[in-house]
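Below is the file work-v8.cif, which contains mmCIF, C-alpha atoms.
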```
data_work
loop_
_atom_site.label_atom_id
_atom_site.label_comp_id
_atom_site.auth_asym_id
_atom_site.auth_seq_id
_atom_site.Cartn_x
_atom_site.Cartn_y
_atom_site.Cartn_z
CA MET A 67 310.96 112.20 -21.66
CA LYS A 68 309.68 108.79 -20.64
CA MET A 69 306.51 107.76 -22.46
CA GLN A 70 303.88 105.71 -20.63
CA PHE A 71 301.09 103.73 -22.21
CA LYS A 72 297.90 103.02 -20.32
CA ASN A 73 295.48 100.17 -21.03
CA LYS A 74 298.15 98.45 -23.11
CA GLY A 75 296.73 95.01 -22.52
CA LYS A 76 295.99 92.21 -20.11
CA PRO A 77 296.10 88.41 -20.46
CA ALA A 78 292.97 86.55 -21.62
CA GLY A 79 294.00 82.92 -21.95
CA SER A 80 296.50 82.74 -24.81
CA MET A 81 295.29 86.09 -26.19
CA GLU A 82 295.66 89.59 -24.82
CA ILE A 83 292.90 92.12 -24.35
CA LYS A 84 294.37 95.24 -25.96
CA ASN A 85 293.51 98.90 -25.55
CA GLN A 86 290.66 98.25 -23.15
CA THR A 87 288.88 101.28 -21.79
CA SER A 88 285.78 101.40 -19.62
CA THR A 89 283.65 101.03 -22.76
CA SER A 90 285.65 99.22 -25.49
CA ALA A 91 288.37 96.68 -26.24
CA ASP A 92 290.24 95.46 -29.33
CA LEU A 93 290.18 91.89 -30.65
CA ASN A 94 292.75 91.17 -33.36
CA ILE A 95 292.49 88.17 -35.70
CA PHE A 96 295.59 88.34 -37.86
CA GLY A 97 296.53 84.70 -38.49
CA ASP A 98 294.89 81.46 -39.49
CA ILE A 99 291.62 80.26 -37.93
CA VAL A 100 292.14 76.84 -36.33
CA SER A 101 289.94 74.45 -34.36
CA ASP A 102 292.04 74.24 -31.20
CA GLU A 103 295.42 75.06 -29.63
CA TRP A 104 297.03 71.98 -31.21
CA GLY A 105 296.33 73.34 -34.68
CA LYS A 106 298.33 76.54 -34.23
CA TRP A 107 301.46 77.10 -36.30
CA SER A 108 302.13 80.62 -35.01
CA ASP A 109 301.21 82.87 -32.09
CA GLU A 110 298.88 84.88 -34.33
CA ASP A 111 296.63 81.91 -35.16
CA THR A 112 293.22 82.02 -33.45
CA CYS A 113 290.95 79.24 -32.17
CA PRO A 114 287.50 79.41 -30.53
CA SER A 115 288.86 79.00 -26.99
CA ASP A 116 290.98 82.15 -27.51
CA VAL A 117 287.90 84.21 -28.31
CA TYR A 118 285.95 82.58 -25.48
CA ASP A 119 288.66 83.61 -22.98
CA PHE A 120 288.78 87.10 -24.49
CA LEU A 121 285.02 87.60 -24.08
CA LYS A 122 284.98 86.05 -20.60
CA ASN A 123 287.67 88.43 -19.35
CA LEU A 124 286.19 91.66 -20.69
CA ASP A 125 285.37 94.07 -17.87
CA GLY A 126 281.89 94.96 -19.02
CA ALA A 127 283.04 96.56 -22.27
CA GLU A 128 280.11 97.76 -24.36
CA GLU A 129 282.02 97.79 -27.66
CA ILE A 130 284.46 95.42 -29.36
CA ASN A 131 286.70 96.63 -32.17
CA LEU A 132 287.31 93.48 -34.22
CA HIS A 133 290.35 93.84 -36.51
CA ILE A 134 290.76 91.16 -39.18
CA ASN A 135 293.62 90.35 -41.53
CA SER A 136 293.24 86.64 -42.22
CA GLY A 137 293.04 84.24 -45.12
CA GLY A 138 290.73 81.93 -43.16
CA GLY A 139 291.12 78.35 -42.00
CA SER A 140 288.84 75.95 -40.12
CA VAL A 141 285.17 76.25 -41.08
CA PHE A 142 283.87 74.89 -37.77
CA GLY A 143 286.36 76.96 -35.76
CA GLY A 144 285.29 80.10 -37.60
CA ILE A 145 281.58 79.41 -37.20
CA ALA A 146 282.11 78.95 -33.45
CA ILE A 147 283.94 82.29 -33.23
CA TYR A 148 281.19 83.97 -35.27
CA ASN A 149 278.47 82.63 -32.95
CA MET A 150 280.31 83.64 -29.77
CA LEU A 151 280.69 87.20 -31.02
CA LYS A 152 277.05 87.34 -32.09
CA ARG A 153 275.85 86.14 -28.68
CA ASN A 154 277.95 88.66 -26.78
CA LYS A 155 276.07 91.78 -25.67
CA ALA A 156 278.81 94.18 -26.77
CA LYS A 157 278.42 96.07 -30.03
CA VAL A 158 280.96 94.70 -32.53
CA THR A 159 282.57 96.90 -35.17
CA ALA A 160 284.56 94.76 -37.62
CA TYR A 161 287.48 96.35 -39.45
CA ILE A 162 288.91 94.43 -42.41
CA ASP A 163 292.43 95.81 -42.15
CA GLY A 164 293.78 93.92 -45.16
CA ILE A 165 291.96 90.73 -46.10
CA ALA A 166 289.03 88.73 -44.78
CA ALA A 167 288.94 85.58 -46.87
CA SER A 168 287.19 82.23 -46.59
CA ILE A 169 285.95 81.64 -43.02
CA ALA A 170 287.52 84.94 -41.90
CA SER A 171 284.93 86.67 -44.10
CA VAL A 172 282.22 84.92 -42.08
CA ILE A 173 283.79 86.09 -38.80
CA ALA A 174 283.74 89.65 -40.16
CA CYS A 175 279.98 89.29 -40.55
CA ALA A 176 279.66 89.01 -36.77
CA GLY A 177 280.09 92.79 -36.76
CA ASP A 178 277.13 95.07 -36.21
CA ARG A 179 279.13 97.42 -38.46
CA ILE A 180 281.66 96.18 -41.00
CA ILE A 181 284.25 98.61 -42.32
CA ILE A 182 286.57 97.78 -45.20
CA PRO A 183 289.20 100.06 -46.78
CA ALA A 184 288.86 100.85 -50.46
CA ASN A 185 291.88 98.60 -51.06
CA GLY A 186 290.81 95.88 -48.61
CA THR A 187 289.93 92.40 -49.88
CA PHE A 188 286.89 90.24 -49.10
CA MET A 189 286.73 86.70 -50.51
CA ILE A 190 283.95 84.12 -50.26
CA HIS A 191 284.02 80.57 -51.62
CA LYS A 192 282.73 77.05 -51.17
CA PRO A 193 283.99 75.23 -48.07
CA THR A 194 286.60 72.60 -48.85
CA ASN A 195 288.12 69.57 -47.19
CA GLY A 196 291.79 68.57 -47.23
CA TYR A 197 293.03 64.98 -47.14
CA PHE A 198 296.41 63.97 -45.76
CA PHE A 199 297.58 60.35 -46.05
CA GLU A 200 293.95 59.20 -46.14
CA SER A 201 292.26 56.89 -48.59
CA LEU A 202 288.54 57.49 -49.08
CA ASN A 203 286.03 55.44 -51.02
CA ALA A 204 283.05 56.76 -52.98
CA ASP A 205 280.71 56.54 -49.98
CA ASP A 206 283.15 58.51 -47.82
CA LEU A 207 283.45 61.21 -50.48
CA ARG A 208 279.68 61.48 -50.92
CA LYS A 209 279.28 61.87 -47.15
CA ASP A 210 281.97 64.57 -47.07
CA ALA A 211 280.20 66.38 -49.92
CA GLU A 212 276.97 66.41 -47.91
CA ILE A 213 278.80 67.81 -44.89
CA LEU A 214 280.37 70.54 -47.02
CA ASP A 215 276.95 71.43 -48.48
CA THR A 216 275.66 71.83 -44.91
CA CYS A 217 278.63 74.07 -44.07
CA GLN A 218 277.82 76.21 -47.09
CA LYS A 219 274.24 76.66 -45.88
CA ALA A 220 275.60 77.79 -42.51
CA ILE A 221 277.99 80.38 -43.90
CA LEU A 222 275.35 81.62 -46.36
CA GLN A 223 273.16 82.60 -43.40
CA ALA A 224 275.96 84.73 -41.97
CA TYR A 225 276.40 86.60 -45.26
CA MET A 226 272.65 87.13 -45.68
CA GLU A 227 272.50 89.17 -42.45
CA HIS A 228 274.44 91.93 -44.21
CA THR A 229 273.10 91.83 -47.77
CA LYS A 230 271.68 94.92 -49.40
CA GLU A 231 267.97 95.07 -50.07
CA GLY A 232 267.08 93.10 -53.15
CA VAL A 233 270.09 90.76 -53.03
CA SER A 234 268.78 87.19 -52.92
CA GLU A 235 270.18 84.03 -51.36
CA ASP A 236 270.65 82.63 -54.85
CA ALA A 237 272.78 85.62 -55.84
CA VAL A 238 275.03 85.27 -52.81
CA ASN A 239 275.20 81.50 -53.27
CA ASP A 240 276.38 82.09 -56.84
CA LEU A 241 279.18 84.31 -55.48
CA ILE A 242 280.18 81.54 -53.08
CA ASN A 243 280.14 78.90 -55.81
CA ALA A 244 282.27 81.04 -58.11
CA GLU A 245 284.89 81.89 -55.42
CA THR A 246 284.48 85.65 -55.56
CA TRP A 247 287.20 88.16 -54.68
CA MET A 248 286.13 91.74 -54.06
CA VAL A 249 287.77 94.99 -53.00
CA GLY A 250 286.05 97.60 -50.87
CA LYS A 251 283.75 99.23 -53.43
CA ASP A 252 282.82 95.90 -55.05
CA VAL A 253 281.61 94.54 -51.71
CA THR A 254 279.04 97.31 -51.40
CA ASP A 255 277.29 96.07 -54.55
CA TYR A 256 276.02 93.16 -52.46
CA PHE A 257 276.60 93.88 -48.77
CA ASN A 258 275.92 96.72 -46.33
CA PHE A 259 279.59 97.37 -45.58
CA GLU A 260 281.12 100.79 -45.05
CA VAL A 261 284.07 101.69 -47.26
CA GLU A 262 286.88 103.57 -45.55
CA ASN A 263 288.42 105.79 -48.20
CA SER A 264 291.12 107.53 -46.23
CA VAL A 265 293.29 107.17 -43.16
CA ASN A 266 293.52 110.09 -40.78
CA ALA A 267 297.01 110.63 -39.37
CA THR A 268 298.29 113.23 -36.94
CA ALA A 269 301.80 114.53 -36.41
CA CYS A 270 303.58 113.37 -33.28
CA GLN A 271 306.57 114.83 -31.51
CA SER A 272 308.64 112.81 -29.07
CA ASP A 273 312.22 112.09 -28.06
CA LEU A 274 311.99 108.56 -29.53
#
```
Before anything else, please render the file you have as structure tokens.
Amino acid sequence: MKMQFKNKGKPAGSMEIKNQTSTSADLNIFGDIVSDEWGKWSDEDTCPSDVYDFLKNLDGAEEINLHINSGGGSVFGGIAIYNMLKRNKAKVTAYIDGIAASIASVIACAGDRIIIPANGTFMIHKPTNGYFFESLNADDLRKDAEILDTCQKAILQAYMEHTKEGVSEDAVNDLINAETWMVGKDVTDYFNFEVENSVNATACQSDL
């Protein structure tokens, strides 16, 4: 028996729109978050232009299933992706399939619903800057610190959209400052995430 798969995917820039139906489509972010195409080390890395092309080529889908398994990457690239998803009219359901860490945790917060498995990982921390073959003086470092403080204010706003009642900005900021790692149930102490406790599987018969 020959098996056929419908709605397998279609090109959207350097990404592919997968499993699109008349109402929904899947967006997978499984690698690093980078600022542009030049920053990619693998095909699974994602930059803002990828997500822009994905959203531009959707055929009126009302729902986006956002699957995330990423350790993060570029702060500004991730904030751009977050804002594009928030502006889109489609309802976004974010699934943290394994890990959403650093700026990937901010992208997850673009979801109208956020679902994390009981063994999934969510990590938030202070934004950082890396220096390669660069010599900076005290003024340069103070300026970079101010920029990083501004980045932290930006990502804090994304987290606050999903906090539970009674959780303050100071409490979430303390989690950021401490670099906090949480699994599914821990996340719900602070955020309105849904914990997925089980995976439903069905038997399949085929000649393959």
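From CA of Asp163 (chain A) back to CA of Gly186 (chain A), the distance works out to 6.7 Å.
Evaluated on this file, the PyMOL selection byres ((chain A and resi 133) around 8) matches Asp92, Leu93, Asn94, Ile95, Phe96, Asn131, Leu132, Ile134, Asn135, Ala160, Tyr161, Ile162 and Asp163 of chain A.
Between Asp210 (chain A) and the residues A:Thr229, A:Thr194, A:Thr112, A:Asn243, the shortest atom-to-atom distance, using all atoms listed in the file, involves A:Thr194.
The set of protein, DNA and RNA residues with any counted atom at most 9 Å from (292.6, 81.0, -33.8) (all atoms listed in the file) reads Ile95, Phe96, Gly97, Asp98, Ile99, Val100, Ser101, Asp102, Glu103, Gly105, Lys106, Asp109, Glu110, Asp111, Thr112, Cys113, Pro114, Ser115, Asp116, Val117, Gly139, Ser140, Gly143, Gly144 and Ile147 of chain A.
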Taking the file as shown, what set of residues would the PyMOL selection byres ((chain A and resi 188) around 7) give back, as an MDAnalysis selection string? chainID A and resid 165:167 171 186:187 189:190 247:249
Let's have the selection written as a compact mmCIF listing (two decimals), in the frame of the given file, with C-alpha atoms.
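Produced file out.txt, reproduced below:
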```
# COMPACT_ATOMS: atom_id res chain seq x y z
CA ILE A 165 291.96 90.73 -46.10
CA ALA A 166 289.03 88.73 -44.78
CA ALA A 167 288.94 85.58 -46.87
CA SER A 171 284.93 86.67 -44.10
CA GLY A 186 290.81 95.88 -48.61
CA THR A 187 289.93 92.40 -49.88
CA MET A 189 286.73 86.70 -50.51
CA ILE A 190 283.95 84.12 -50.26
CA TRP A 247 287.20 88.16 -54.68
CA MET A 248 286.13 91.74 -54.06
CA VAL A 249 287.77 94.99 -53.00
```
Name the residues that the PyMOL selection byres ((chain A and resi 149) around 12) picks from the file above, as an MDAnalysis selection string, using the file's chain letters and numbers. chainID A and resid 114 117:118 142:148 150:155 172:177 220:221 223:224
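When all atoms listed in the file are used to compute distances to Asp178 (chain A), the closest of the residues A:Leu124, A:Phe198, A:Glu129, A:Gly138 turns out to be A:Glu129.
Of note, CA of Arg208 (chain A) and CA of Lys192 (chain A) are spaced 15.9 Å apart.
Closest approach to Ala127 (chain A) among A:Ile182, A:Val238, A:Ala211, A:Val158: A:Val158, based on all atoms listed in the file.
We find CA of Ile180 (chain A) and CA of Glu260 (chain A) to be spaced 6.2 Å apart.
Here the question is which of A:Ile213, A:Val141, A:Ala91, A:Ala204 gets nearest to Phe120 (chain A) using only C-alpha atoms, and that residue is A:Ala91.
With all atoms listed in the file as the atoms that count, the residue of A:Leu121, A:Leu214, A:His191, A:Gly137 with the shortest distance to Thr246 (chain A) is A:His191.
Closest to Phe257 (chain A) among A:Cys217, A:Ile181, A:Ala244, A:Leu207 is A:Ile181, based on all atoms listed in the file.
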